[in-house]
>>> print(open('upload-v7.cif').read())   # mmCIF, C-alpha atoms
data_coords
#
loop_
_atom_site.group_PDB
_atom_site.id
_atom_site.type_symbol
_atom_site.label_atom_id
_atom_site.label_comp_id
_atom_site.auth_asym_id
_atom_site.auth_seq_id
_atom_site.Cartn_x
_atom_site.Cartn_y
_atom_site.Cartn_z
ATOM 1 C CA GLY A 1 -2.895 -9.333 16.146
ATOM 2 C CA GLU A 2 -2.340 -8.034 12.664
ATOM 3 C CA ASP A 3 0.633 -9.337 10.743
ATOM 4 C CA VAL A 4 1.310 -10.357 7.165
ATOM 5 C CA GLU A 5 4.474 -12.260 6.331
ATOM 6 C CA GLN A 6 6.143 -12.941 3.031
ATOM 7 C CA SER A 7 9.482 -14.272 1.889
ATOM 8 C CA LEU A 8 11.696 -11.390 0.761
ATOM 9 C CA PHE A 9 13.169 -12.699 -2.502
ATOM 10 C CA LEU A 10 12.281 -14.978 -5.386
ATOM 11 C CA SER A 11 14.309 -15.601 -8.525
ATOM 12 C CA VAL A 12 12.947 -17.453 -11.574
ATOM 13 C CA ARG A 13 13.847 -17.951 -15.221
ATOM 14 C CA GLU A 14 11.816 -16.311 -17.938
ATOM 15 C CA GLY A 15 8.999 -18.617 -19.008
ATOM 16 C CA ASP A 16 8.835 -20.477 -15.703
ATOM 17 C CA SER A 17 6.026 -20.095 -13.183
ATOM 18 C CA SER A 18 6.522 -17.936 -10.100
ATOM 19 C CA VAL A 19 4.800 -18.684 -6.831
ATOM 20 C CA ILE A 20 4.798 -16.015 -4.141
ATOM 21 C CA ASN A 21 3.572 -17.048 -0.716
ATOM 22 C CA CYS A 22 2.050 -15.099 2.129
ATOM 23 C CA THR A 23 0.726 -15.900 5.590
ATOM 24 C CA TYR A 24 -1.581 -13.706 7.582
ATOM 25 C CA THR A 25 -2.729 -13.833 11.162
ATOM 26 C CA ASP A 26 -6.130 -12.144 11.186
ATOM 27 C CA SER A 27 -8.591 -14.920 10.425
ATOM 28 C CA SER A 28 -11.416 -12.413 10.205
ATOM 29 C CA SER A 29 -10.034 -10.795 7.063
ATOM 30 C CA THR A 30 -12.642 -10.592 4.378
ATOM 31 C CA TYR A 31 -10.503 -9.250 1.561
ATOM 32 C CA LEU A 32 -6.977 -10.302 0.640
ATOM 33 C CA TYR A 33 -4.992 -8.455 -2.015
ATOM 34 C CA TRP A 34 -1.917 -8.687 -4.172
ATOM 35 C CA TYR A 35 -0.225 -5.446 -5.229
ATOM 36 C CA LYS A 36 2.689 -4.942 -7.602
ATOM 37 C CA GLN A 37 5.248 -2.165 -7.214
ATOM 38 C CA GLU A 38 7.802 -1.496 -9.925
ATOM 39 C CA PRO A 39 10.984 0.426 -9.042
ATOM 40 C CA GLY A 40 10.222 4.025 -8.152
ATOM 41 C CA ALA A 41 6.536 3.577 -8.895
ATOM 42 C CA GLY A 42 3.318 3.409 -6.933
ATOM 43 C CA LEU A 43 1.178 0.421 -6.092
ATOM 44 C CA GLN A 44 -0.787 -1.402 -8.733
ATOM 45 C CA LEU A 45 -3.609 -3.628 -7.560
ATOM 46 C CA LEU A 46 -3.115 -6.938 -9.340
ATOM 47 C CA THR A 47 -5.937 -8.985 -7.948
ATOM 48 C CA TYR A 48 -7.907 -9.697 -4.816
ATOM 49 C CA ILE A 49 -9.862 -12.577 -3.376
ATOM 50 C CA PHE A 50 -12.773 -12.782 -0.989
ATOM 51 C CA SER A 51 -12.301 -14.999 2.034
ATOM 52 C CA ASN A 52 -15.167 -17.261 0.965
ATOM 53 C CA MET A 53 -13.252 -18.258 -2.179
ATOM 54 C CA ASP A 54 -10.499 -20.852 -2.527
ATOM 55 C CA MET A 55 -9.129 -19.807 -5.883
ATOM 56 C CA LYS A 56 -9.300 -16.991 -8.368
ATOM 57 C CA GLN A 57 -7.796 -16.972 -11.833
ATOM 58 C CA ASP A 58 -7.175 -13.936 -14.000
ATOM 59 C CA GLN A 59 -5.173 -14.525 -17.185
ATOM 60 C CA ARG A 60 -1.639 -15.438 -16.059
ATOM 61 C CA LEU A 61 -2.423 -14.904 -12.380
ATOM 62 C CA THR A 62 -3.824 -17.543 -10.025
ATOM 63 C CA VAL A 63 -4.567 -16.788 -6.389
ATOM 64 C CA LEU A 64 -4.989 -19.658 -3.943
ATOM 65 C CA LEU A 65 -6.382 -19.178 -0.457
ATOM 66 C CA ASN A 66 -6.105 -21.715 2.360
ATOM 67 C CA LYS A 67 -8.172 -20.249 5.158
ATOM 68 C CA LYS A 68 -7.399 -23.051 7.569
ATOM 69 C CA ASP A 69 -3.663 -22.361 7.363
ATOM 70 C CA LYS A 70 -4.129 -18.613 6.712
ATOM 71 C CA HIS A 71 -1.996 -18.978 3.621
ATOM 72 C CA LEU A 72 -2.318 -17.015 0.404
ATOM 73 C CA SER A 73 -0.315 -17.548 -2.761
ATOM 74 C CA LEU A 74 0.069 -15.811 -6.098
ATOM 75 C CA ARG A 75 1.119 -17.834 -9.088
ATOM 76 C CA ILE A 76 2.331 -16.074 -12.220
ATOM 77 C CA ALA A 77 2.396 -18.351 -15.248
ATOM 78 C CA ASP A 78 4.947 -17.858 -18.044
ATOM 79 C CA THR A 79 6.851 -15.241 -16.053
ATOM 80 C CA GLN A 80 8.291 -12.413 -18.146
ATOM 81 C CA THR A 81 11.098 -9.941 -17.435
ATOM 82 C CA GLY A 82 8.432 -7.255 -17.141
ATOM 83 C CA ASP A 83 7.072 -9.104 -14.119
ATOM 84 C CA SER A 84 10.206 -8.173 -12.138
ATOM 85 C CA ALA A 85 8.900 -6.072 -9.269
ATOM 86 C CA ILE A 86 7.992 -6.168 -5.599
ATOM 87 C CA TYR A 87 4.770 -8.012 -4.823
ATOM 88 C CA PHE A 88 2.869 -7.103 -1.673
ATOM 89 C CA CYS A 89 0.322 -9.293 0.024
ATOM 90 C CA ALA A 90 -2.252 -7.285 1.972
ATOM 91 C CA GLU A 91 -5.398 -7.771 4.009
ATOM 92 C CA ILE A 92 -8.217 -5.666 5.371
ATOM 93 C CA PRO A 93 -9.619 -7.264 8.532
ATOM 94 C CA THR A 94 -13.377 -7.553 8.722
ATOM 95 C CA GLY A 95 -14.852 -4.395 10.178
ATOM 96 C CA GLY A 96 -11.579 -2.546 9.692
ATOM 97 C CA PHE A 97 -10.308 0.029 7.250
ATOM 98 C CA LYS A 98 -6.551 -0.238 7.436
ATOM 99 C CA THR A 99 -4.831 -2.190 4.724
ATOM 100 C CA ILE A 100 -2.188 -4.336 6.422
ATOM 101 C CA PHE A 101 0.774 -4.994 4.134
ATOM 102 C CA GLY A 102 3.492 -7.587 4.122
ATOM 103 C CA ALA A 103 7.084 -6.456 3.617
ATOM 104 C CA GLY A 104 6.964 -7.456 -0.051
ATOM 105 C CA THR A 105 8.559 -10.201 -2.129
ATOM 106 C CA ARG A 106 11.153 -9.047 -4.647
ATOM 107 C CA LEU A 107 10.756 -11.079 -7.817
ATOM 108 C CA PHE A 108 13.784 -11.286 -10.117
ATOM 109 C CA VAL A 109 13.213 -12.735 -13.583
ATOM 110 C CA LYS A 110 16.304 -13.962 -15.416
ATOM 111 C CA ALA A 111 16.284 -13.954 -19.200
ATOM 112 C CA ASN B 1 -11.924 9.686 -13.928
ATOM 113 C CA ALA B 2 -8.442 10.520 -12.750
ATOM 114 C CA GLY B 3 -6.946 8.308 -10.100
ATOM 115 C CA VAL B 4 -5.561 9.397 -6.762
ATOM 116 C CA MET B 5 -3.203 12.292 -7.446
ATOM 117 C CA GLN B 6 -0.248 13.006 -5.230
ATOM 118 C CA ASN B 7 2.196 15.836 -5.547
ATOM 119 C CA PRO B 8 4.947 16.437 -5.640
ATOM 120 C CA ARG B 9 6.266 13.074 -6.854
ATOM 121 C CA HIS B 10 9.679 13.846 -5.429
ATOM 122 C CA LEU B 11 10.537 16.248 -2.634
ATOM 123 C CA VAL B 12 13.938 17.129 -1.237
ATOM 124 C CA ARG B 13 14.202 18.952 2.052
ATOM 125 C CA ARG B 14 17.080 19.933 4.294
ATOM 126 C CA ARG B 15 17.025 18.842 7.905
ATOM 127 C CA GLY B 16 14.857 21.177 9.942
ATOM 128 C CA GLN B 17 12.657 22.293 7.052
ATOM 129 C CA GLU B 18 8.975 21.520 6.629
ATOM 130 C CA ALA B 19 7.559 19.044 4.111
ATOM 131 C CA ARG B 20 4.014 19.320 2.799
ATOM 132 C CA LEU B 21 2.626 16.409 0.819
ATOM 133 C CA ARG B 22 -0.652 16.725 -1.038
ATOM 134 C CA CYS B 23 -3.204 14.117 -2.035
ATOM 135 C CA SER B 24 -6.318 14.592 -4.143
ATOM 136 C CA PRO B 25 -8.614 11.574 -3.813
ATOM 137 C CA MET B 26 -10.504 10.024 -6.674
ATOM 138 C CA LYS B 27 -13.694 11.788 -7.614
ATOM 139 C CA GLY B 28 -16.490 10.788 -5.285
ATOM 140 C CA HIS B 29 -14.144 9.439 -2.612
ATOM 141 C CA SER B 30 -14.398 10.996 0.810
ATOM 142 C CA HIS B 31 -12.060 8.686 2.723
ATOM 143 C CA VAL B 32 -8.306 9.246 2.608
ATOM 144 C CA TYR B 33 -5.505 7.141 4.068
ATOM 145 C CA TRP B 34 -1.805 7.902 4.356
ATOM 146 C CA TYR B 35 0.870 5.195 4.425
ATOM 147 C CA ARG B 36 4.635 5.389 4.771
ATOM 148 C CA GLN B 37 7.075 3.063 3.079
ATOM 149 C CA LEU B 38 10.574 3.082 4.514
ATOM 150 C CA PRO B 39 13.364 1.795 2.251
ATOM 151 C CA GLU B 40 13.198 -1.979 1.733
ATOM 152 C CA GLU B 41 9.996 -2.260 3.793
ATOM 153 C CA GLY B 42 6.271 -2.618 3.243
ATOM 154 C CA LEU B 43 3.728 0.122 3.694
ATOM 155 C CA LYS B 44 2.727 1.110 7.206
ATOM 156 C CA PHE B 45 -0.564 2.798 8.014
ATOM 157 C CA MET B 46 -0.304 6.336 9.362
ATOM 158 C CA VAL B 47 -3.686 8.036 9.409
ATOM 159 C CA TYR B 48 -7.263 7.749 8.155
ATOM 160 C CA LEU B 49 -9.273 10.874 7.451
ATOM 161 C CA GLN B 50 -12.692 11.811 6.221
ATOM 162 C CA LYS B 51 -13.633 15.327 5.220
ATOM 163 C CA GLU B 52 -12.710 17.627 8.141
ATOM 164 C CA ASN B 53 -12.252 14.687 10.502
ATOM 165 C CA ILE B 54 -9.362 12.526 11.625
ATOM 166 C CA ILE B 55 -10.812 9.081 12.189
ATOM 167 C CA ASP B 56 -7.703 7.152 13.204
ATOM 168 C CA GLU B 57 -4.168 8.468 13.605
ATOM 169 C CA SER B 58 -2.742 5.532 15.475
ATOM 170 C CA GLY B 59 0.127 5.181 13.011
ATOM 171 C CA MET B 60 1.248 8.800 13.124
ATOM 172 C CA PRO B 61 4.413 9.694 15.022
ATOM 173 C CA LYS B 62 3.456 11.709 18.095
ATOM 174 C CA GLU B 63 5.521 14.739 17.181
ATOM 175 C CA ARG B 64 6.168 16.787 14.040
ATOM 176 C CA PHE B 65 3.581 14.956 11.892
ATOM 177 C CA SER B 66 0.059 16.194 11.192
ATOM 178 C CA ALA B 67 -2.605 15.545 8.594
ATOM 179 C CA GLU B 68 -5.735 17.272 7.461
ATOM 180 C CA PHE B 69 -8.465 16.798 4.900
ATOM 181 C CA PRO B 70 -10.349 20.075 4.582
ATOM 182 C CA LYS B 71 -13.835 20.525 3.206
ATOM 183 C CA GLU B 72 -12.334 21.926 0.026
ATOM 184 C CA GLY B 73 -9.015 20.944 -1.492
ATOM 185 C CA PRO B 74 -6.597 18.087 -1.128
ATOM 186 C CA SER B 75 -5.523 16.209 1.952
ATOM 187 C CA ILE B 76 -2.212 17.445 3.349
ATOM 188 C CA LEU B 77 0.388 15.473 5.261
ATOM 189 C CA ARG B 78 2.708 17.908 7.001
ATOM 190 C CA ILE B 79 6.058 17.039 8.515
ATOM 191 C CA GLN B 80 7.733 19.750 10.530
ATOM 192 C CA GLN B 81 11.465 19.971 11.226
ATOM 193 C CA VAL B 82 12.259 16.979 9.049
ATOM 194 C CA VAL B 83 15.048 14.581 9.991
ATOM 195 C CA ARG B 84 16.924 12.051 7.855
ATOM 196 C CA GLY B 85 14.775 9.243 9.232
ATOM 197 C CA ASP B 86 11.722 10.823 7.607
ATOM 198 C CA SER B 87 13.137 9.938 4.180
ATOM 199 C CA ALA B 88 10.603 7.524 2.728
ATOM 200 C CA ALA B 89 7.870 7.123 0.149
ATOM 201 C CA TYR B 90 4.522 8.421 1.371
ATOM 202 C CA PHE B 91 1.458 6.935 -0.262
ATOM 203 C CA CYS B 92 -2.072 8.204 -0.179
ATOM 204 C CA ALA B 93 -5.114 6.042 -0.839
ATOM 205 C CA SER B 94 -8.791 6.887 -1.134
ATOM 206 C CA SER B 95 -12.026 4.962 -0.987
ATOM 207 C CA PRO B 96 -15.690 5.783 -1.449
ATOM 208 C CA PRO B 97 -18.039 6.279 1.519
ATOM 209 C CA VAL B 98 -19.670 2.857 1.320
ATOM 210 C CA GLY B 99 -18.413 1.265 4.495
ATOM 211 C CA THR B 100 -15.443 -0.817 5.412
ATOM 212 C CA ASN B 101 -13.658 -3.517 3.478
ATOM 213 C CA THR B 102 -13.882 -1.443 0.341
ATOM 214 C CA GLU B 103 -10.899 -1.427 -1.928
ATOM 215 C CA ALA B 104 -8.632 1.550 -1.509
ATOM 216 C CA PHE B 105 -7.032 3.076 -4.587
ATOM 217 C CA PHE B 106 -3.436 4.207 -4.196
ATOM 218 C CA GLY B 107 -1.627 7.189 -5.628
ATOM 219 C CA GLN B 108 1.868 7.090 -7.117
ATOM 220 C CA GLY B 109 3.429 8.291 -3.916
ATOM 221 C CA THR B 110 5.683 11.167 -2.882
ATOM 222 C CA ARG B 111 9.300 10.267 -2.342
ATOM 223 C CA LEU B 112 10.743 12.482 0.366
ATOM 224 C CA THR B 113 14.492 12.780 0.684
ATOM 225 C CA VAL B 114 15.930 14.643 3.638
ATOM 226 C CA VAL B 115 19.499 15.838 3.141
#
>>> encode(input="upload-v7.cif", output="structure tokens")
Amino acid sequence: GEDVEQSLFLSVREGDSSVINCTYTDSSSTYLYWYKQEPGAGLQLLTYIFSNMDMKQDQRLTVLLNKKDKHLSLRIADTQTGDSAIYFCAEIPTGGFKTIFGAGTRLFVKA
Amino acid sequence: NAGVMQNPRHLVRRRGQEARLRCSPMKGHSHVYWYRQLPEEGLKFMVYLQKENIIDESGMPKERFSAEFPKEGPSILRIQQVVRGDSAAYFCASSPPVGTNTEAFFGQGTRLTVV
């Protein structure tokens, strides 16, 4: 089946690292994505990772993929108040076209 | 190259009225997807269209909802006789015609409020 699960809330202090976790059920997924949604705004693609990779780093963002456990994480280094948003984990199963989204993790950054 | 354009950004309708949401895909994209985001939830797939064809509408409610993507012009998501439960953000995404597993680019969404 298709399902993506995330914890709903995360609160961190400014300057700390944030780690947002996600589990997915479709082991055939080729692409896994992280999107950011600020209040009242659309979706911004933050980063993505191919299933044949274990890690991808892009400035303050690090994505880790554990295919065996079907676990994906997004680490934001030096978290800033502007990082406060909802972060969605998403997958597109191999051979499919639908993007399957998690419910989103609401990140609160305290100054 | 403008991104995916959706309009209106905000739409208020009274119960029983019709809502028409428009989506212009990115230039060169011929695949369009509609998603619905209910309050405090993630996005749920509704329908996948190519020009003049509905490819998959497995996420569309059986009644009152329809979608089209004509040869010319934007894709339209139409909701007839709206009810309060239709209040949500509706997102459109588009992708180029290069097969599956291609990244979809999302619009800013239309926030529908039914009063």
>>> interface_residues(input="upload-v7.cif", of="chain B", to="chain A", cutoff="10 Å", atoms="all atoms listed in the file", output="PDB file with C-alpha atoms, in the coordinates of the input")
ATOM      1  CA  ARG B   9       6.266  13.074  -6.854  1.00  0.00           C
ATOM      2  CA  HIS B  31     -12.060   8.686   2.723  1.00  0.00           C
ATOM      3  CA  TYR B  33      -5.505   7.141   4.068  1.00  0.00           C
ATOM      4  CA  TRP B  34      -1.805   7.902   4.356  1.00  0.00           C
ATOM      5  CA  TYR B  35       0.870   5.195   4.425  1.00  0.00           C
ATOM      6  CA  GLN B  37       7.075   3.063   3.079  1.00  0.00           C
ATOM      7  CA  GLU B  40      13.198  -1.979   1.733  1.00  0.00           C
ATOM      8  CA  GLU B  41       9.996  -2.260   3.793  1.00  0.00           C
ATOM      9  CA  GLY B  42       6.271  -2.618   3.243  1.00  0.00           C
ATOM     10  CA  LEU B  43       3.728   0.122   3.694  1.00  0.00           C
ATOM     11  CA  LYS B  44       2.727   1.110   7.206  1.00  0.00           C
ATOM     12  CA  PHE B  45      -0.564   2.798   8.014  1.00  0.00           C
ATOM     13  CA  MET B  46      -0.304   6.336   9.362  1.00  0.00           C
ATOM     14  CA  VAL B  47      -3.686   8.036   9.409  1.00  0.00           C
ATOM     15  CA  TYR B  48      -7.263   7.749   8.155  1.00  0.00           C
ATOM     16  CA  ASP B  56      -7.703   7.152  13.204  1.00  0.00           C
ATOM     17  CA  ALA B  89       7.870   7.123   0.149  1.00  0.00           C
ATOM     18  CA  TYR B  90       4.522   8.421   1.371  1.00  0.00           C
ATOM     19  CA  PHE B  91       1.458   6.935  -0.262  1.00  0.00           C
ATOM     20  CA  CYS B  92      -2.072   8.204  -0.179  1.00  0.00           C
ATOM     21  CA  ALA B  93      -5.114   6.042  -0.839  1.00  0.00           C
ATOM     22  CA  SER B  95     -12.026   4.962  -0.987  1.00  0.00           C
ATOM     23  CA  GLY B  99     -18.413   1.265   4.495  1.00  0.00           C
ATOM     24  CA  THR B 100     -15.443  -0.817   5.412  1.00  0.00           C
ATOM     25  CA  ASN B 101     -13.658  -3.517   3.478  1.00  0.00           C
ATOM     26  CA  THR B 102     -13.882  -1.443   0.341  1.00  0.00           C
ATOM     27  CA  GLU B 103     -10.899  -1.427  -1.928  1.00  0.00           C
ATOM     28  CA  ALA B 104      -8.632   1.550  -1.509  1.00  0.00           C
ATOM     29  CA  PHE B 105      -7.032   3.076  -4.587  1.00  0.00           C
ATOM     30  CA  PHE B 106      -3.436   4.207  -4.196  1.00  0.00           C
ATOM     31  CA  GLY B 107      -1.627   7.189  -5.628  1.00  0.00           C
ATOM     32  CA  GLN B 108       1.868   7.090  -7.117  1.00  0.00           C
ATOM     33  CA  GLY B 109       3.429   8.291  -3.916  1.00  0.00           C
ATOM     34  CA  THR B 110       5.683  11.167  -2.882  1.00  0.00           C
ATOM     35  CA  ARG B 111       9.300  10.267  -2.342  1.00  0.00           C
TER      36      ARG B 111
END
>>> closest_residue(input="upload-v7.cif", among="A:Gln57, A:Thr23, A:Ser11, A:Ser51", to="A:Lys70", atoms="all atoms listed in the file")
A:Thr23
>>> resolve_selection(input="upload-v7.cif", expression="the PyMOL selection byres ((chain B and resi 18) around 12)", output="PyMOL selection string")
chain B and resi 11-17+19-21+64-66+77-83+86+112-114
>>> atom_distance(input="upload-v7.cif", atom1="atom CA of A:Lys68", atom2="atom CA of A:Cys22")
13.5 Å
>>> axis_aligned_box(input="upload-v7.cif", around="stretch 60-63 of chain A", padding_each_side="6 Å", output="JSON")
{"center_x": -3.1, "center_y": -16.2, "center_z": -11.2, "size_x": 14.9, "size_y": 14.6, "size_z": 21.7}
>>> atom_distance(input="upload-v7.cif", atom1="atom CA of A:Met53", atom2="atom CA of A:Asp3")
21.0 Å
>>> atom_distance(input="upload-v7.cif", atom1="atom CA of B:Val115", atom2="atom CA of B:His10")
13.2 Å
>>> resolve_selection(input="upload-v7.cif", expression="the PyMOL selection byres ((chain A and resi 71-77) around 7)", output="PDB file with C-alpha atoms, in the frame of the given file")
ATOM      1  CA  ASP A  16       8.835 -20.477 -15.703  1.00  0.00           C
ATOM      2  CA  SER A  17       6.026 -20.095 -13.183  1.00  0.00           C
ATOM      3  CA  SER A  18       6.522 -17.936 -10.100  1.00  0.00           C
ATOM      4  CA  VAL A  19       4.800 -18.684  -6.831  1.00  0.00           C
ATOM      5  CA  ILE A  20       4.798 -16.015  -4.141  1.00  0.00           C
ATOM      6  CA  ASN A  21       3.572 -17.048  -0.716  1.00  0.00           C
ATOM      7  CA  CYS A  22       2.050 -15.099   2.129  1.00  0.00           C
ATOM      8  CA  THR A  23       0.726 -15.900   5.590  1.00  0.00           C
ATOM      9  CA  TYR A  24      -1.581 -13.706   7.582  1.00  0.00           C
ATOM     10  CA  ARG A  60      -1.639 -15.438 -16.059  1.00  0.00           C
ATOM     11  CA  LEU A  61      -2.423 -14.904 -12.380  1.00  0.00           C
ATOM     12  CA  THR A  62      -3.824 -17.543 -10.025  1.00  0.00           C
ATOM     13  CA  VAL A  63      -4.567 -16.788  -6.389  1.00  0.00           C
ATOM     14  CA  LEU A  64      -4.989 -19.658  -3.943  1.00  0.00           C
ATOM     15  CA  LEU A  65      -6.382 -19.178  -0.457  1.00  0.00           C
ATOM     16  CA  ASN A  66      -6.105 -21.715   2.360  1.00  0.00           C
ATOM     17  CA  LYS A  67      -8.172 -20.249   5.158  1.00  0.00           C
ATOM     18  CA  ASP A  69      -3.663 -22.361   7.363  1.00  0.00           C
ATOM     19  CA  LYS A  70      -4.129 -18.613   6.712  1.00  0.00           C
ATOM     20  CA  ASP A  78       4.947 -17.858 -18.044  1.00  0.00           C
ATOM     21  CA  THR A  79       6.851 -15.241 -16.053  1.00  0.00           C
TER      22      THR A  79
END
>>> residues_around(input="upload-v7.cif", residues="B:Met26", least_positions_apart="3", cutoff="8 Å", atoms="all atoms listed in the file", output="PyMOL selection string")
chain B and resi 1-5+29+94-95
>>> resolve_selection(input="upload-v7.cif", expression="the PyMOL selection byres ((chain B and resi 67-69) around 8)", output="ChimeraX atom specification")
/B:32,47,49-54,65-66,70-71,73-78
>>> closest_residue(input="upload-v7.cif", among="A:Val109, A:Phe50, A:Gln6, A:Lys56", to="A:Thr81", atoms="all atoms listed in the file")
A:Val109
>>> residues_around(input="upload-v7.cif", residues="A:Phe108", least_positions_apart="5", cutoff="8 Å", atoms="only C-alpha atoms", output="ChimeraX atom specification")
/A:9-12,81,84-85
